[in-house]
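Student: Quick one: the structure is below, and I'll ask about it shortly.
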Amino acid sequence: MSAIDQYISLYEHNREAIDSNAPHALNRLRPDALSALKRFGRFPGKRDEGYTKVSVEDMFAPDFGVNITRVPFAVDVARSFRCDVPNVSTLLGVVVNDSFRPTATLLKNCPEGVTVDSLASVAASDPDFIKEYLGRLSDNRDAAAALNTLLMKEGVVVRVRAGVKLDKAIQIVNIFNASADFMAVRRVLVVIEDDASARILFCDHSQSGDFKYLSSLVTEVFLHRGASLDYCDIEESTEQTSRMSQLFISQDEGSRLTVNGTSLTVGTTRNEYKVDINGSHCDTEIAVMAIADRKQTIDNSARINHFAPRSRSNQLFKYLLDEQSQGAFEGLIYVAPDAVHTEAYQTDRNLLASADARMHTAPQLEIYCDDVKCSHGAATGQLDQNALFYMQTRGVPKSEARMMLMQAFMSDVIDRVAIEGLRDRLRHLVERRLSGEHAACGDCAASCHN
Amino acid sequence: MSQDKDTSNKRETGSDDVIRDVTGSEYKYGFVSDIDSDIIERGLNEDVVRLISKKKGEPDWLLDFRLKAFRYWETLKMPTWAHLDIPPIDYQAISYYAAPKKKESPKSLDEVDPQLLDTFNRLGIPLEEQKALSGMAVDAVMDSVSVKTTHREKLAELGIIFCSFSEAVKDYPDLVRKYLGKVVSYRDNFFAALNSAVFSDGSFVYIPKGVRCPMELSTYFRINASGTGQFERTLIVADDDSYVSYLEGCTAPMRDENQLHAAIVEIIVEERAEVKYSTVQNWYAGDKDGKGGVYNFVTKRGLCRGDFSKISWTQVETGSAITWKYPGCILAGEGSVGEFYSVAVTNNYQQADTGTKMIHIGKNSRSTIVSKGISAGHSQNSYRGLVSVAPDASGVRNYTQCDSLLLSSTCGAHTFPYIDVKNDTAIVEHEATTSKISEDQLFYCNQRGIPTEEAVALIVNGYAKEVMNKLPMEFAVEAQKLLSITLEGSVG
């Protein structure tokens with residue numbers, strides 16, 4: 001029996017409980033998701049193209065608890081309140097597993113034309129908005145996305161209305177909190193309307209201790225004409241945590257996007273980045289770094305679809321793998337027949353720091369148009385011995401020299417982070433991560449790792 | 001069928017026209033030789049496998065091998081993962097054995113069917129002894145059966161065995177049995193299983209210890225009879241400290257239907273030995289509307305078993321309606337070297353999904369991959385390659401470069417590399433670019449008085465040169481001619 005069947009039967013047995021605890025705007029998407037799940041029959045496994053290192057089937061196979069009846073979680077929001085980035089004044093919201101709780105600053109400082117709210121309440125208050133956007137990009141295109149749609153009840157909506165330039169960054173802290181094996185189904189919808197701009201930072205933390213935790217996350221982002229978005233996503237969870245994150249982005253003409261993904265401490269994580277460039281003169285920048293050790297597994301997959309001419313995209317993925325960790329990268333640039341003058345680049349650089357670390361990479365190009373500039377490059381290796389030697393001759397101890405080189409390796413990803421203050425913070429986190437300290441956020445009151 | 005185009009009056013045309021002209025020439029090997037063939041009934045079942053084996057007078061162990069492969073093949077479905085649009089193939093509509101009819105086995109060239117000699121003459125194969133000066137030993141495989149192997153005596157003096165596969169089975173059964181299926185098992189893939197069940201002939205090469213083969217060994221493959229498939233098998237064994245350069249060329253007549261070519265090439269290289277395997281593949285590619293043409297689904301793999309052994313694959317792929325092959329190297333020996341140089345040209349409605357596999361198992365093994373794709377017309381050209389480094393393979397070095405050149409707005413160029421590293425001392429690099437012929441380069445050439453057509457030729461030629469340079473002299477000329485035919489007469 002495939003893991004998918006347990007979810008289908010879970011839904012079929014609890015249909016009423018699920019539907020009665022969620023607004024109609026969400027429930028109306030479930031029948032299609034159900035039939036899609038039945039059609040897929042199983043989650044992709046390691047034998048499937050594009051899933052060579054992380055079996056989604058295995059990820060979803062354990063018997064997780066699912067919060068069907070919306071029992072509130074006892075997490076002190078105020079305690080998590082300080083889990084922010086120093087020197088960055090943000091509009092902070094907290095998501096516990098899947099339910100969104102705004103903070104007092106958010107409620108007080110949220111400017112006009114900006115909505116940062118829970119999915120359920122927006123679905124109840126503005127169902128037309130949800131109907132217009134929700135599920136349009138994820139479109140049940142694979143089993144994990146369909147399952148998220150089938151079971152989603154809560155999440156976050158960020159909406160920035162036309163012309164609003166939001167100068168403060170929005171920070172959403174996701175706290176994984178469970179006292180049993182648990183699966184959280186989280187859904188995020190971001191709509192940046194014409195000529196608006198925003199910066200959003202998502203931080204994933206875990207308080208679930210030794211329990212198995214699965215985070216099923218689907219994020220849909222719509223960038224309208226001339227919109228601008230800087231999107232950062234940091235995961236610092238535990239080795240018991242599995243994360244299946246799918247980020248679907250649609251870009252209209254003249255929009256600008258940067259996506260920064262950072263995996264610092266994970267169990268098994270799979271991040272999918274799917275960007276559809278539907279208008280000309282778009283700019284897309286994806287910069288992702290992953291640091292893993294012990295038996296952690298990080299699998300990133302990126303697909304950039306250039307459907308329109310004269311757009312530019314650039315992807316940079318960097319992995320630092322130590323001990324028995326595994327990394328995987330599958331990237332694809334697709335250029336449609338009419339997408340002339342596309343510029344698309346893709347770079348993957350990987351450092352293996354131990355004999356047992358494994359890296360699998362597949363940077364791919366699919367190009368149906370002749371007037372384009374596309375390139376990709378991938379390299380897997382280790383620290384430059386000459387550089388190490390040189391630094392030692394200058395009196396830098398070997399361990400410190402290694403540290404400096406590793407930090408330098410990651411610095412070009414960090415340099416691309418658009419939120420000032422976060423860059424320093426990330427440098428600090430990377431330094432601590434590399435020096436072997438658990439990368440707990442030092443002054444985070446959530447004490448995720450205690 | 002060759003056509004000489006008047007190049008002088010084209011100088012006025014724009015570069016688009018030139019590219020269209022350049023990519024629009026026809027197949028000159030599309031003649032059919034009127035030779036009596038012994039073709040068995042179409043269809044595939046155990047009896048057919050037994051019949052092929054019986055016709056070839058094979059020993060029981062080989063029949064067992066075929067039957068095992070056939071039974072395994074029956075459990076398989078044709079894979080669909082490639083970036084290819086393959087119309088369904090009816091495996092029961094193919095005749096699995098077609099041999100030029102023999103009266104008696106020919107003792108000298110005089111007894112060989114003159115039509116057949118004419119065929120090979122038209123192909124430009126130095127089959128006849130009078131062409132011995134060209135310095136090649138040739139084994140020509142027509143449809144399924146090896147027709148004539150030249151220079152054998154001369155090679156035999158050095159202990160080199162170069163003969164058709166069926167002769168090898170008769171004369172050197174121990175050698176064949178020792179090596180057959182050791183690199184490409186019948187369980188390897190769908191087409192390997194099919195080939196193992198029905199292969200009809202091919203070439204066998206054995207280079208003894210310390211021998212450097214004094215001439216290029218060459219095989220010419222041709223599908224002639226209609227409704228047949230060609231399933232040949234090549235087995236090359238290079239013993240310690242030996243060297244051989246092996247060439248393979250392929251043509252087929254023009255037919256409306258699609259013909260299937262599913263071959264296996266196995267190479268085993270022992271300590272410090274080197275095998276250089278060059279292919280110029282020019283199977284019929286179908287007409288301008290994509291009708292007909294050969295399906296070229298080939299499994300080629302070499303095993304660098306000994307330390308410091310080397311395999312070098314060079315391929316120029318200009319033909320076939322669909323090309324689907326990944327010549328690979330298993331680099332098991334310490335310090336072994338694998339090389340892959342490829343130019344794949346697709347035009348009209350041709351499709352290619354080709355590349356290589358470099359499996360690094362031995363310490364300090366090295367590999368280089370240079371792949372140049374050129375797509376024109378409505379064709380789809382994909383590079384797909386695997387570089388894998390085993391956990392114990394320390395000090396591995398790989399460099400991969402794959403470039404694609406697009407000559408029309410309706411074609412596609414794709415790159416699907418897979419890099420799997422399980423050792424921290426490995427350095428693996430991959431680079432790829434995709435672009436069309438640069439307007440700047442064309443303009444620069446024009447400005448220096450080089451007409452657009454010649455400029456396109458110059459640029460394409462320069463683009464492919466890195467690979468063409470790796471071909472042995474005898475083949476480089478032919479390969480350049482082939483590029484000329486696929487991309488008009490001005491190239492090369």
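Ordered as shown in the structure tokens, chains take letters A, B, and onward, while each chain numbers its residues from 1 and ligands are numbered from 1 in the order shown.
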Each residue of chain A with at least one atom at most 8 Å from chain B should appear once, together with its nearest atom pair and the corresponding distance in Å (one decimal); atoms considered: only C-alpha atoms; ordering: chain, then increasing residue number; output as a tab-separated table.
Tutor:
residue	atom	partner	partner_atom	distance
A:Pro337	CA	B:Thr410	CA	6.9
A:Leu351	CA	B:Asp424	CA	7.9
A:Leu352	CA	B:Asp424	CA	4.9
A:Ala353	CA	B:Asp424	CA	6.2
A:Ser354	CA	B:Asp424	CA	5.6
A:Ala355	CA	B:Asp424	CA	4.9
A:Asp356	CA	B:Asn423	CA	6.7
A:Ala357	CA	B:Lys422	CA	6.3
A:Arg358	CA	B:Lys422	CA	4.5
A:Met359	CA	B:Val421	CA	5.0
A:His360	CA	B:Asp420	CA	4.2
A:Thr361	CA	B:Ile419	CA	4.8
A:Ala362	CA	B:Tyr418	CA	4.3
A:Pro363	CA	B:Pro417	CA	6.1
A:Gln364	CA	B:Phe416	CA	4.5
A:Leu365	CA	B:Thr415	CA	4.7
A:Glu366	CA	B:His414	CA	4.3
A:Ile367	CA	B:Ala413	CA	5.2
A:Tyr368	CA	B:Gly412	CA	4.1
A:Cys369	CA	B:Ser409	CA	5.3
A:Asp370	CA	B:Ser409	CA	5.0
A:Asp371	CA	B:Lys436	CA	6.1
A:Val372	CA	B:Ser435	CA	5.9
A:Lys373	CA	B:Ser435	CA	5.5
A:Cys374	CA	B:Thr434	CA	5.3
A:Ser375	CA	B:Thr433	CA	4.2
A:His376	CA	B:Ala432	CA	5.3
A:Gly377	CA	B:Glu431	CA	4.3
A:Ala378	CA	B:His430	CA	4.9
A:Ala379	CA	B:Glu429	CA	4.2
A:Thr380	CA	B:Val428	CA	5.1
A:Gly381	CA	B:Ile427	CA	4.4
A:Gln382	CA	B:Thr425	CA	6.4
Student: Would you list the contacts of stretch 63-66 of chain A as a PyMOL selection string, taking every protein, DNA or RNA residue within 8 Å and counting only C-alpha atoms, but skipping same-chain residues closer than 6 positions in sequence?
Tutor: chain A and resi 180-184+212-214
Student: Could you tell me, as a PyMOL selection string, which residues of stretch 412-477 of chain B DSSP assigns to strand (DSSP E) when given the backbone?
Tutor: chain B and resi 412-421+427-436
Student: What is the atom CA of B:Val49-atom CA of B:Gln281 distance in Å, reported with one decimal?
Tutor: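 Atom CA of B:Gln281 lies at a distance of 27.6 Å from atom CA of B:Val49.
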Student: Can you list every residue in stretch 169-330 of chain B that DSSP puts in alpha helix (DSSP H), as a list in words?
Tutor: Val169, Lys170, Asp171, Pro173, Asp174, Leu175, Val176, Arg177, Lys178, Tyr179, Phe190, Phe191, Ala192, Ala193, Leu194, Asn195, Ser196, Ala197 and Val198 of chain B
Student: Restricted to C-alpha atoms, what would the selected residues look like written as a CSV table (one decimal), in the first residue's frame?
Tutor:
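The resulting file, again02.csv, is reproduced below:
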chain,number,residue,atom,x,y,z
B,169,VAL,CA,32.2,-18.2,-31.8
B,170,LYS,CA,33.4,-21.1,-34.0
B,171,ASP,CA,37.1,-20.5,-33.8
B,173,PRO,CA,34.7,-20.1,-28.3
B,174,ASP,CA,36.6,-19.8,-25.0
B,175,LEU,CA,37.5,-16.2,-25.6
B,176,VAL,CA,34.0,-15.2,-26.6
B,177,ARG,CA,32.5,-17.1,-23.8
B,178,LYS,CA,34.8,-15.5,-21.3
B,179,TYR,CA,34.0,-11.9,-22.4
B,190,PHE,CA,15.5,-3.2,-23.0
B,191,PHE,CA,17.5,-3.0,-26.2
B,192,ALA,CA,20.5,-4.9,-24.7
B,193,ALA,CA,18.2,-7.7,-23.9
B,194,LEU,CA,16.7,-7.6,-27.4
B,195,ASN,CA,20.1,-7.6,-29.0
B,196,SER,CA,21.4,-10.4,-26.8
B,197,ALA,CA,18.4,-12.5,-27.9
B,198,VAL,CA,18.6,-11.9,-31.6
Student: Would you mind telling me which residue in A:Val191, A:Met59, A:Val158, A:Met391 lies nearest to A:Ser215 when using only C-alpha atoms?
Tutor: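 That would be A:Met59, the residue with the smallest distance to A:Ser215.
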Student: Taking 4 positions as the minimum chain separation for residues in the same chain, which residues sit within 9 Å of A:Leu320 when counting only C-alpha atoms? Answer as a list in words.
Tutor: Met289, Ala290, Ile291, Ala292, Asp293, Gly327, Arg349, Asn350, Leu351, Leu352, Ala353, Met406, Phe409 and Met410 of chain A
Student: I want to know what sits within 12 Å of B:Tyr206, based on only C-alpha atoms, with residues of the same chain fewer than 3 positions away left out; could you give that as a PyMOL selection string?
Tutor: chain B and resi 155-156+158-165+168+172+175-176+179+203+209-213+217+234-240+242-244+246+266-270+273+275
Student: Closest to A:Ala146 among A:Glu323, A:Glu330, A:Asp32, A:Asp195, using only C-alpha atoms?
Tutor: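 Smallest separation from A:Ala146 among the options: A:Asp32.
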Student: List the neighbours of stretch 106-121 of chain A out to 7 Å using only C-alpha atoms; skip same-chain residues closer than 6 positions along the sequence, and give me the result as a PyMOL selection string.
Tutor: chain A and resi 22-23+91-93+100+153-161+164
